[in-house]
$ cat query-v3.cif   # mmCIF, C-alpha atoms
data_my_file
loop_
_atom_site.group_PDB
_atom_site.id
_atom_site.type_symbol
_atom_site.label_atom_id
_atom_site.label_comp_id
_atom_site.auth_asym_id
_atom_site.auth_seq_id
_atom_site.Cartn_x
_atom_site.Cartn_y
_atom_site.Cartn_z
ATOM 1 C CA MET P 1 -33.148 4.716 6.645
ATOM 2 C CA SER P 2 -32.922 8.499 6.951
ATOM 3 C CA ASP P 3 -30.490 10.555 4.886
ATOM 4 C CA LYS P 4 -28.549 11.372 8.052
ATOM 5 C CA ALA P 5 -28.240 7.706 9.039
ATOM 6 C CA SER P 6 -27.319 6.785 5.472
ATOM 7 C CA SER P 7 -24.604 9.446 5.304
ATOM 8 C CA GLU P 8 -23.246 8.340 8.680
ATOM 9 C CA GLN P 9 -23.017 4.727 7.539
ATOM 10 C CA HIS P 10 -21.517 5.353 4.100
ATOM 11 C CA LYS P 11 -18.595 7.748 4.063
ATOM 12 C CA SER P 12 -16.097 8.742 1.429
ATOM 13 C CA PRO P 13 -12.344 9.003 1.940
ATOM 14 C CA ARG P 14 -12.776 12.766 1.544
ATOM 15 C CA ALA P 15 -14.901 12.850 4.733
ATOM 16 C CA SER P 16 -12.020 11.393 6.752
ATOM 17 C CA ARG P 17 -9.293 13.787 5.575
ATOM 18 C CA VAL P 18 -6.983 15.314 8.152
ATOM 19 C CA MET P 19 -4.395 18.037 7.726
ATOM 20 C CA MET P 20 -2.105 18.398 10.726
ATOM 21 C CA THR P 21 0.692 20.955 10.944
ATOM 22 C CA GLU P 22 3.610 20.792 13.356
ATOM 23 C CA SER P 23 6.704 22.904 13.871
ATOM 24 C CA VAL P 24 9.898 20.904 14.446
ATOM 25 C CA LEU P 25 11.207 22.353 17.695
ATOM 26 C CA PRO P 26 14.634 21.693 19.253
ATOM 27 C CA GLY P 27 13.056 19.124 21.614
ATOM 28 C CA ASP P 28 11.849 17.190 18.552
ATOM 29 C CA GLY P 29 15.359 16.917 17.139
ATOM 30 C CA ASN P 30 18.542 14.937 17.568
ATOM 31 C CA PRO P 31 22.168 16.145 17.879
ATOM 32 C CA LEU P 32 22.399 16.244 14.060
ATOM 33 C CA GLY P 33 19.711 18.933 13.927
ATOM 34 C CA THR P 34 17.105 16.698 12.304
ATOM 35 C CA ALA P 35 13.775 15.475 13.637
ATOM 36 C CA PHE P 36 13.692 12.253 15.634
ATOM 37 C CA GLY P 37 12.076 9.590 13.482
ATOM 38 C CA GLY P 38 10.039 8.522 16.492
ATOM 39 C CA ARG P 39 8.511 11.994 16.815
ATOM 40 C CA ILE P 40 7.491 11.925 13.139
ATOM 41 C CA ALA P 41 6.054 8.406 13.638
ATOM 42 C CA GLN P 42 4.048 9.727 16.619
ATOM 43 C CA TRP P 43 2.595 12.547 14.506
ATOM 44 C CA ILE P 44 1.800 10.069 11.710
ATOM 45 C CA ASP P 45 -0.024 7.821 14.194
ATOM 46 C CA ILE P 46 -2.101 10.730 15.511
ATOM 47 C CA ALA P 47 -3.087 12.014 12.052
ATOM 48 C CA ALA P 48 -4.052 8.525 10.865
ATOM 49 C CA ALA P 49 -6.030 7.819 14.060
ATOM 50 C CA VAL P 50 -8.047 11.011 13.638
ATOM 51 C CA ALA P 51 -8.846 10.066 10.019
ATOM 52 C CA CYS P 52 -10.042 6.612 11.107
ATOM 53 C CA GLN P 53 -12.089 8.029 13.974
ATOM 54 C CA ARG P 54 -13.740 10.460 11.576
ATOM 55 C CA HIS P 55 -14.692 7.519 9.381
ATOM 56 C CA CYS P 56 -16.149 5.189 12.006
ATOM 57 C CA ARG P 57 -16.898 7.566 14.917
ATOM 58 C CA ARG P 58 -15.533 4.970 17.322
ATOM 59 C CA ARG P 59 -12.475 4.544 19.484
ATOM 60 C CA VAL P 60 -9.642 3.190 17.324
ATOM 61 C CA VAL P 61 -6.364 1.492 18.172
ATOM 62 C CA THR P 62 -3.272 1.184 16.029
ATOM 63 C CA ALA P 63 -2.810 -2.366 14.763
ATOM 64 C CA SER P 64 0.211 -1.764 12.527
ATOM 65 C CA MET P 65 2.318 0.743 10.683
ATOM 66 C CA ASP P 66 3.878 -0.411 7.449
ATOM 67 C CA ASP P 67 7.495 0.318 6.619
ATOM 68 C CA LEU P 68 8.460 3.920 7.242
ATOM 69 C CA HIS P 69 11.230 5.203 4.981
ATOM 70 C CA PHE P 70 12.439 8.778 5.196
ATOM 71 C CA LEU P 71 13.231 10.130 1.743
ATOM 72 C CA LEU P 72 14.810 13.324 3.048
ATOM 73 C CA PRO P 73 15.810 14.643 6.476
ATOM 74 C CA ILE P 74 13.489 17.034 8.288
ATOM 75 C CA ARG P 75 15.520 19.803 9.894
ATOM 76 C CA VAL P 76 14.772 21.444 13.238
ATOM 77 C CA GLY P 77 12.949 24.695 12.490
ATOM 78 C CA MET P 78 11.008 23.262 9.549
ATOM 79 C CA ILE P 79 7.238 23.048 9.356
ATOM 80 C CA VAL P 80 5.800 19.552 8.861
ATOM 81 C CA GLU P 81 2.434 19.001 7.231
ATOM 82 C CA LEU P 82 0.763 15.602 7.558
ATOM 83 C CA ARG P 83 -2.191 14.739 5.317
ATOM 84 C CA ALA P 84 -4.120 11.615 6.231
ATOM 85 C CA GLN P 85 -7.229 9.849 4.983
ATOM 86 C CA VAL P 86 -8.869 6.443 5.123
ATOM 87 C CA ASN P 87 -7.916 4.448 2.018
ATOM 88 C CA ALA P 88 -9.982 1.323 2.703
ATOM 89 C CA ALA P 89 -12.468 -0.014 5.233
ATOM 90 C CA PHE P 90 -12.583 -3.727 5.929
ATOM 91 C CA ARG P 91 -14.806 -5.482 8.490
ATOM 92 C CA THR P 92 -13.447 -4.029 11.753
ATOM 93 C CA SER P 93 -10.268 -2.407 10.468
ATOM 94 C CA MET P 94 -9.300 0.486 8.246
ATOM 95 C CA GLU P 95 -6.153 1.481 6.415
ATOM 96 C CA ALA P 96 -5.144 5.128 6.566
ATOM 97 C CA GLY P 97 -2.498 6.681 4.355
ATOM 98 C CA VAL P 98 -0.396 9.623 5.513
ATOM 99 C CA ARG P 99 1.727 11.879 3.309
ATOM 100 C CA ILE P 100 4.332 13.980 5.106
ATOM 101 C CA GLU P 101 5.863 17.132 3.643
ATOM 102 C CA SER P 102 8.388 19.514 5.130
ATOM 103 C CA GLU P 103 8.280 23.221 4.486
ATOM 104 C CA ASP P 104 11.046 25.753 4.896
ATOM 105 C CA PRO P 105 9.298 28.568 6.799
ATOM 106 C CA LEU P 106 11.583 31.214 5.280
ATOM 107 C CA THR P 107 11.378 30.221 1.606
ATOM 108 C CA GLY P 108 8.128 28.244 1.473
ATOM 109 C CA GLU P 109 9.913 25.380 -0.319
ATOM 110 C CA ARG P 110 8.006 22.133 0.252
ATOM 111 C CA ARG P 111 9.354 18.598 -0.064
ATOM 112 C CA HIS P 112 7.736 15.175 0.217
ATOM 113 C CA VAL P 113 9.747 13.515 2.997
ATOM 114 C CA CYS P 114 7.865 10.257 3.642
ATOM 115 C CA SER P 115 4.592 8.387 3.390
ATOM 116 C CA ALA P 116 3.102 5.762 5.655
ATOM 117 C CA PHE P 117 0.220 3.314 5.771
ATOM 118 C CA LEU P 118 -1.344 2.318 9.083
ATOM 119 C CA THR P 119 -4.035 -0.132 10.088
ATOM 120 C CA PHE P 120 -6.491 0.691 12.866
ATOM 121 C CA VAL P 121 -9.174 -1.434 14.502
ATOM 122 C CA ALA P 122 -12.434 0.123 15.713
ATOM 123 C CA GLN P 123 -13.486 -0.834 19.237
ATOM 124 C CA ASP P 124 -16.561 -0.587 21.406
ATOM 125 C CA GLU P 125 -16.516 0.730 24.962
ATOM 126 C CA HIS P 126 -15.317 -2.690 26.197
ATOM 127 C CA GLY P 127 -12.347 -2.865 23.850
ATOM 128 C CA GLN P 128 -13.973 -5.384 21.509
ATOM 129 C CA PRO P 129 -13.642 -4.980 17.724
ATOM 130 C CA VAL P 130 -16.717 -3.545 16.011
ATOM 131 C CA GLU P 131 -17.670 -3.276 12.367
ATOM 132 C CA VAL P 132 -16.849 -0.069 10.528
ATOM 133 C CA PRO P 133 -18.966 1.645 7.871
ATOM 134 C CA PRO P 134 -18.187 0.849 4.244
ATOM 135 C CA LEU P 135 -16.119 3.349 2.316
ATOM 136 C CA VAL P 136 -17.834 5.027 -0.630
ATOM 137 C CA LEU P 137 -15.296 5.339 -3.448
ATOM 138 C CA GLU P 138 -16.136 8.504 -5.364
ATOM 139 C CA ASN P 139 -13.486 8.594 -8.085
ATOM 140 C CA ASP P 140 -10.638 6.726 -9.785
ATOM 141 C CA GLU P 141 -8.116 7.936 -7.197
ATOM 142 C CA ASP P 142 -10.252 6.546 -4.362
ATOM 143 C CA ARG P 143 -10.596 3.234 -6.226
ATOM 144 C CA ARG P 144 -6.829 3.051 -6.848
ATOM 145 C CA ARG P 145 -6.062 3.719 -3.177
ATOM 146 C CA ALA P 146 -8.603 1.123 -2.026
ATOM 147 C CA HIS P 147 -7.254 -1.493 -4.455
ATOM 148 C CA GLU P 148 -3.660 -0.905 -3.337
ATOM 149 C CA ALA P 149 -4.783 -0.987 0.315
ATOM 150 C CA GLY P 150 -6.336 -4.407 -0.307
ATOM 151 C CA GLU P 151 -3.066 -5.652 -1.776
ATOM 152 C CA ARG P 152 -1.099 -4.318 1.208
ATOM 153 C CA ARG P 153 -3.602 -5.960 3.570
ATOM 154 C CA SER P 154 -3.108 -9.331 1.873
ATOM 155 C CA LEU P 155 0.657 -9.003 2.327
ATOM 156 C CA ARG P 156 0.286 -7.965 5.993
ATOM 157 C CA LEU P 157 -1.979 -10.930 6.713
ATOM 158 C CA ALA P 158 0.407 -13.344 4.965
ATOM 159 C CA ARG P 159 3.348 -12.007 7.014
ATOM 160 C CA ALA P 160 1.273 -12.346 10.194
ATOM 161 C CA ARG P 161 0.518 -16.003 9.387
ATOM 162 C CA VAL P 162 4.230 -16.716 8.887
ATOM 163 C CA ARG P 163 5.107 -15.020 12.198
ATOM 164 C CA LYS P 164 2.403 -16.998 14.006
ATOM 165 C CA GLU P 165 3.628 -20.289 12.515
ATOM 166 C CA ARG P 166 7.210 -19.500 13.555
ATOM 167 C CA LEU P 167 6.122 -18.598 17.063
ATOM 168 C CA LEU P 168 4.081 -21.782 17.418
ATOM 169 C CA ALA P 169 7.013 -23.869 16.138
ATOM 170 C CA GLU P 170 9.343 -22.128 18.598
ATOM 171 C CA LEU P 171 6.948 -22.759 21.479
ATOM 172 C CA ALA P 172 6.584 -26.417 20.476
ATOM 173 C CA GLY P 173 10.388 -26.740 20.421
ATOM 174 C CA GLN P 174 10.657 -25.271 23.929
ATOM 175 C CA LYS P 175 8.228 -27.855 25.335
ATOM 176 C CA ARG P 176 10.491 -30.755 24.331
#
$ encode --input "query-v3.cif" --output "structure tokens"
Amino acid sequence: MSDKASSEQHKSPRASRVMMTESVLPGDGNPLGTAFGGRIAQWIDIAAAVACQRHCRRRVVTASMDDLHFLLPIRVGMIVELRAQVNAAFRTSMEAGVRIESEDPLTGERRHVCSAFLTFVAQDEHGQPVEVPPLVLENDEDRRRAHEAGERRSLRLARARVRKERLLAELAGQKR
């Protein structure tokens, strides 16, 4: 295997990093003068998708976004910086983490306003899941993120099994 092929198949979280900057315009805000949560979620989804695409160089689709809790409001007129990277690569899916900070453009004061974890699935040109390259963990921080991503994945899969069981029970009850 050539060095180029090897480097394309084994990528570090660092290789997937994304930094996206947005200005919160009046159209992004609500009557209270703060950013719509949905707009921030959209930006989070985009930043995480780019990170996952950089990792696998495939089309990716959002499978889930974990809980999204806003620690502080983001005011119209603020600058928002989103930093994303792949935390873990599984068989056909990846978890990306996104850290969101707001910045006052006049003072430069920065504040961590929320973080999010998203799962993406890589697809081929027919929309079928395809395997993603393994993630090369270069340092203790990478290993910590990957370990925590694995724990979050286990919880997501357990919740999905419970939802499926409830749905099947509900459907069985409707047939009676």
$ closest_residue --input "query-v3.cif" --among "P:Leu25, P:Val113, P:Ala15, P:Leu32" --to "Leu68 in chain P" --atoms "all atoms listed in the file"
P:Val113
$ residues_near_point --input "query-v3.cif" --point "(-6.2, 8.2, 14.8)" --cutoff "12 Å" --atoms "only C-alpha atoms" --output "ChimeraX atom specification"
/P:16-18,20,42-63,84-86,94-98,118-122
$ residues_around --input "query-v3.cif" --residues "Glu103 in chain P" --least-positions-apart "3" --cutoff "6 Å" --atoms "only C-alpha atoms" --output "NGL selection string"
:P and (78-79 or 108-110)
$ resolve_selection --input "query-v3.cif" --expression "the PyMOL selection byres ((chain P and resi 150) around 12)" --output "list in words"
Asn87, Ala88, Ala89, Phe90, Ser93, Met94, Glu95, Ala96, Phe117, Thr119, Arg143, Arg144, Arg145, Ala146, His147, Glu148, Ala149, Glu151, Arg152, Arg153, Ser154, Leu155, Arg156 and Leu157 of chain P
$ resolve_selection --input "query-v3.cif" --expression "the PyMOL selection byres ((chain P and resi 131) around 7)" --output "list in words"
Arg91, Thr92, Pro129, Val130, Val132 and Pro133 of chain P
$ closest_residue --input "query-v3.cif" --among "P:Met19, P:Ile74, P:Leu137, P:Ala158" --to "Gly33 in chain P" --atoms "all atoms listed in the file"
P:Ile74
$ closest_residue --input "query-v3.cif" --among "P:Leu106, P:Leu72, P:Ala169, P:Leu82" --to "Ala41 in chain P" --atoms "all atoms listed in the file"
P:Leu82
$ closest_residue --input "query-v3.cif" --among "P:Ala172, P:Ile40, P:Leu135, P:Ala116" --to "Ser64 in chain P" --atoms "only C-alpha atoms"
P:Ala116
$ resolve_selection --input "query-v3.cif" --expression "the PyMOL selection byres ((chain P and resi 112) around 8)" --output "MDAnalysis selection string"
chainID P and resid 71:72 99:102 110:111 113:114
$ closest_residue --input "query-v3.cif" --among "P:Arg39, P:Lys11, P:Lys175, P:Arg159" --to "Pro26 in chain P" --atoms "all atoms listed in the file"
P:Arg39
$ build_atoms --input "query-v3.cif" --residues "range 65-77 of chain P" --atoms "N, CA and C atoms" --output "PDB file, in the coordinates of the input"
ATOM      1  N   MET P  65       1.817  -0.301  11.569  1.00  0.00           N
ATOM      2  CA  MET P  65       2.318   0.743  10.683  1.00  0.00           C
ATOM      3  C   MET P  65       3.255   0.034   9.724  1.00  0.00           C
ATOM      4  N   ASP P  66       2.995   0.204   8.435  1.00  0.00           N
ATOM      5  CA  ASP P  66       3.878  -0.411   7.449  1.00  0.00           C
ATOM      6  C   ASP P  66       5.241   0.270   7.488  1.00  0.00           C
ATOM      7  N   ASP P  67       6.143  -0.233   6.684  1.00  0.00           N
ATOM      8  CA  ASP P  67       7.495   0.318   6.619  1.00  0.00           C
ATOM      9  C   ASP P  67       7.461   1.839   6.531  1.00  0.00           C
ATOM     10  N   LEU P  68       8.359   2.465   7.247  1.00  0.00           N
ATOM     11  CA  LEU P  68       8.460   3.920   7.242  1.00  0.00           C
ATOM     12  C   LEU P  68       9.864   4.280   6.760  1.00  0.00           C
ATOM     13  N   HIS P  69       9.945   4.833   5.571  1.00  0.00           N
ATOM     14  CA  HIS P  69      11.230   5.203   4.981  1.00  0.00           C
ATOM     15  C   HIS P  69      11.260   6.713   4.785  1.00  0.00           C
ATOM     16  N   PHE P  70      12.285   7.339   5.348  1.00  0.00           N
ATOM     17  CA  PHE P  70      12.439   8.778   5.196  1.00  0.00           C
ATOM     18  C   PHE P  70      13.210   9.043   3.910  1.00  0.00           C
ATOM     19  N   LEU P  71      12.603   9.799   3.021  1.00  0.00           N
ATOM     20  CA  LEU P  71      13.231  10.130   1.743  1.00  0.00           C
ATOM     21  C   LEU P  71      14.246  11.248   1.905  1.00  0.00           C
ATOM     22  N   LEU P  72      13.946  12.168   2.803  1.00  0.00           N
ATOM     23  CA  LEU P  72      14.810  13.324   3.048  1.00  0.00           C
ATOM     24  C   LEU P  72      14.779  13.643   4.540  1.00  0.00           C
ATOM     25  N   PRO P  73      15.846  14.250   5.063  1.00  0.00           N
ATOM     26  CA  PRO P  73      15.810  14.643   6.476  1.00  0.00           C
ATOM     27  C   PRO P  73      14.865  15.819   6.689  1.00  0.00           C
ATOM     28  N   ILE P  74      14.330  15.905   7.887  1.00  0.00           N
ATOM     29  CA  ILE P  74      13.489  17.034   8.288  1.00  0.00           C
ATOM     30  C   ILE P  74      14.286  17.804   9.326  1.00  0.00           C
ATOM     31  N   ARG P  75      14.661  18.996   9.022  1.00  0.00           N
ATOM     32  CA  ARG P  75      15.520  19.803   9.894  1.00  0.00           C
ATOM     33  C   ARG P  75      14.720  20.496  10.997  1.00  0.00           C
ATOM     34  N   VAL P  76      15.363  20.655  12.159  1.00  0.00           N
ATOM     35  CA  VAL P  76      14.772  21.444  13.238  1.00  0.00           C
ATOM     36  C   VAL P  76      14.506  22.839  12.678  1.00  0.00           C
ATOM     37  N   GLY P  77      13.344  23.378  12.990  1.00  0.00           N
ATOM     38  CA  GLY P  77      12.949  24.695  12.490  1.00  0.00           C
ATOM     39  C   GLY P  77      12.011  24.615  11.289  1.00  0.00           C
TER      40      GLY P  77
END
